[in-house]
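*Asks:* Just dropping this structure here.
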Amino acid sequence: MSETVYSVSGMSCGHCESAVSKEVTAIPGVTSVTAVAKTGLVTVASEQPLDEETIRAAVDEAGYELVGPA
């Protein structure tokens with residue numbers, strides 16, 4: 001089990017949290033995602049460590065920008 005916290009820019013509301021969570025949850029191996037617009041942090045739990053570019057692509061698909069690990 002692996003858990004990583006990422007900083008994401010552009011999230012400002014519950015809809016933002018939901019959009020990011022939906023895209024990141026679709027990544028194979030992800031077991032849970034918690035996005036918090038107020039802090040701009042997204043916590044991703046997965047079966048194995050994930051490639052940052054995979055997370056970046058999912059966050060980008062949701063319309064936001066992955067800053068990097070928090």
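FYI, nothing fancy with the structure tokens labels: chains A, B, ... in order, residues from 1 per chain, ligands from 1 as they appear.
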List as a list in words the protein and nucleic acid residues near Val30 of chain A, meaning an atom at most 8 Å away when only C-alpha atoms are counted, but skip any in the same chain fewer than 2 places from it.
*Replies:*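 With the cut-off at 8 Å, the set is Val24, Thr25, Ala26, Ile27, Pro28, Ser32, Val33, Val44, Ala45, Ser46 and Glu47 of chain A.
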*Asks:* Please produce a file of those selected residues containing N, CA, C and O atoms, as an mmCIF file, in the first residue's frame.
*Replies:*
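Contents of part_32.cif, as written:
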data_model
loop_
_atom_site.group_PDB
_atom_site.id
_atom_site.type_symbol
_atom_site.label_atom_id
_atom_site.label_comp_id
_atom_site.auth_asym_id
_atom_site.auth_seq_id
_atom_site.Cartn_x
_atom_site.Cartn_y
_atom_site.Cartn_z
ATOM 1 N N VAL A 24 -8.612 10.692 -11.014
ATOM 2 C CA VAL A 24 -7.510 9.978 -10.363
ATOM 3 C C VAL A 24 -7.961 8.579 -9.931
ATOM 4 O O VAL A 24 -7.199 7.612 -10.041
ATOM 5 N N THR A 25 -9.204 8.448 -9.495
ATOM 6 C CA THR A 25 -9.733 7.141 -9.086
ATOM 7 C C THR A 25 -9.748 6.159 -10.254
ATOM 8 O O THR A 25 -9.631 4.949 -10.057
ATOM 9 N N ALA A 26 -9.854 6.659 -11.478
ATOM 10 C CA ALA A 26 -9.888 5.801 -12.671
ATOM 11 C C ALA A 26 -8.534 5.166 -12.996
ATOM 12 O O ALA A 26 -8.460 4.244 -13.813
ATOM 13 N N ILE A 27 -7.465 5.626 -12.353
ATOM 14 C CA ILE A 27 -6.131 5.061 -12.594
ATOM 15 C C ILE A 27 -6.084 3.655 -11.983
ATOM 16 O O ILE A 27 -6.431 3.485 -10.811
ATOM 17 N N PRO A 28 -5.658 2.657 -12.760
ATOM 18 C CA PRO A 28 -5.559 1.295 -12.223
ATOM 19 C C PRO A 28 -4.662 1.248 -10.980
ATOM 20 O O PRO A 28 -3.587 1.840 -10.959
ATOM 21 N N SER A 32 -8.055 4.818 -3.117
ATOM 22 C CA SER A 32 -8.859 5.931 -2.609
ATOM 23 C C SER A 32 -8.204 7.259 -2.953
ATOM 24 O O SER A 32 -6.990 7.342 -3.128
ATOM 25 N N VAL A 33 -9.058 8.276 -3.055
ATOM 26 C CA VAL A 33 -8.591 9.626 -3.374
ATOM 27 C C VAL A 33 -9.357 10.601 -2.491
ATOM 28 O O VAL A 33 -10.578 10.519 -2.385
ATOM 29 N N VAL A 44 -3.638 10.412 -2.442
ATOM 30 C CA VAL A 44 -3.906 9.254 -3.288
ATOM 31 C C VAL A 44 -3.335 8.010 -2.617
ATOM 32 O O VAL A 44 -2.137 7.936 -2.343
ATOM 33 N N ALA A 45 -4.207 7.027 -2.358
ATOM 34 C CA ALA A 45 -3.776 5.732 -1.842
ATOM 35 C C ALA A 45 -3.847 4.742 -3.000
ATOM 36 O O ALA A 45 -4.808 4.750 -3.780
ATOM 37 N N SER A 46 -2.814 3.911 -3.111
ATOM 38 C CA SER A 46 -2.767 2.951 -4.206
ATOM 39 C C SER A 46 -2.080 1.672 -3.759
ATOM 40 O O SER A 46 -1.372 1.646 -2.749
ATOM 41 N N GLU A 47 -2.303 0.627 -4.549
ATOM 42 C CA GLU A 47 -1.709 -0.669 -4.243
ATOM 43 C C GLU A 47 -0.190 -0.625 -4.368
ATOM 44 O O GLU A 47 0.524 -1.259 -3.602
#
*Asks:* Just asking: which residues within chain A are alpha helix (DSSP H) according to DSSP, as a PyMOL selection string?
*Replies:* chain A and resi 14-25+52-62
*Asks:* Can you tell me, as a PyMOL selection string, what residues are no more than 8 Å from Ala37 of chain A when counting only C-alpha atoms, ignoring any on the same chain fewer than 6 positions away?
*Replies:* chain A and resi 11-14+16-17
*Asks:* Which of chain A counts as strand (DSSP E or B) under DSSP, as a list in words please?
*Replies:*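 Taking chain A and keeping strand (DSSP E or B) only, one gets Ser2, Glu3, Thr4, Val5, Tyr6, Ser7, Val8, Ser9, Val30, Thr31, Ser32, Val33, Thr34, Ala35, Val36, Leu41, Val42, Thr43, Val44, Ala45, Ser46, Glu65, Leu66, Val67, Gly68 and Pro69 of chain A.
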*Asks:* Near Glu53 of chain A, counting only C-alpha atoms, which residues have an atom at most 10 Å away, once you skip same-chain residues fewer than 4 positions from it, shown as a count of residues only?
*Replies:* 5
*Asks:* I'd like to know which of A:Met1, A:Thr54, A:Ser7, A:Glu23 is closest to Ala70 of chain A, using only C-alpha atoms.
*Replies:*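 Distance minimum relative to Ala70 of chain A lands on A:Ser7.
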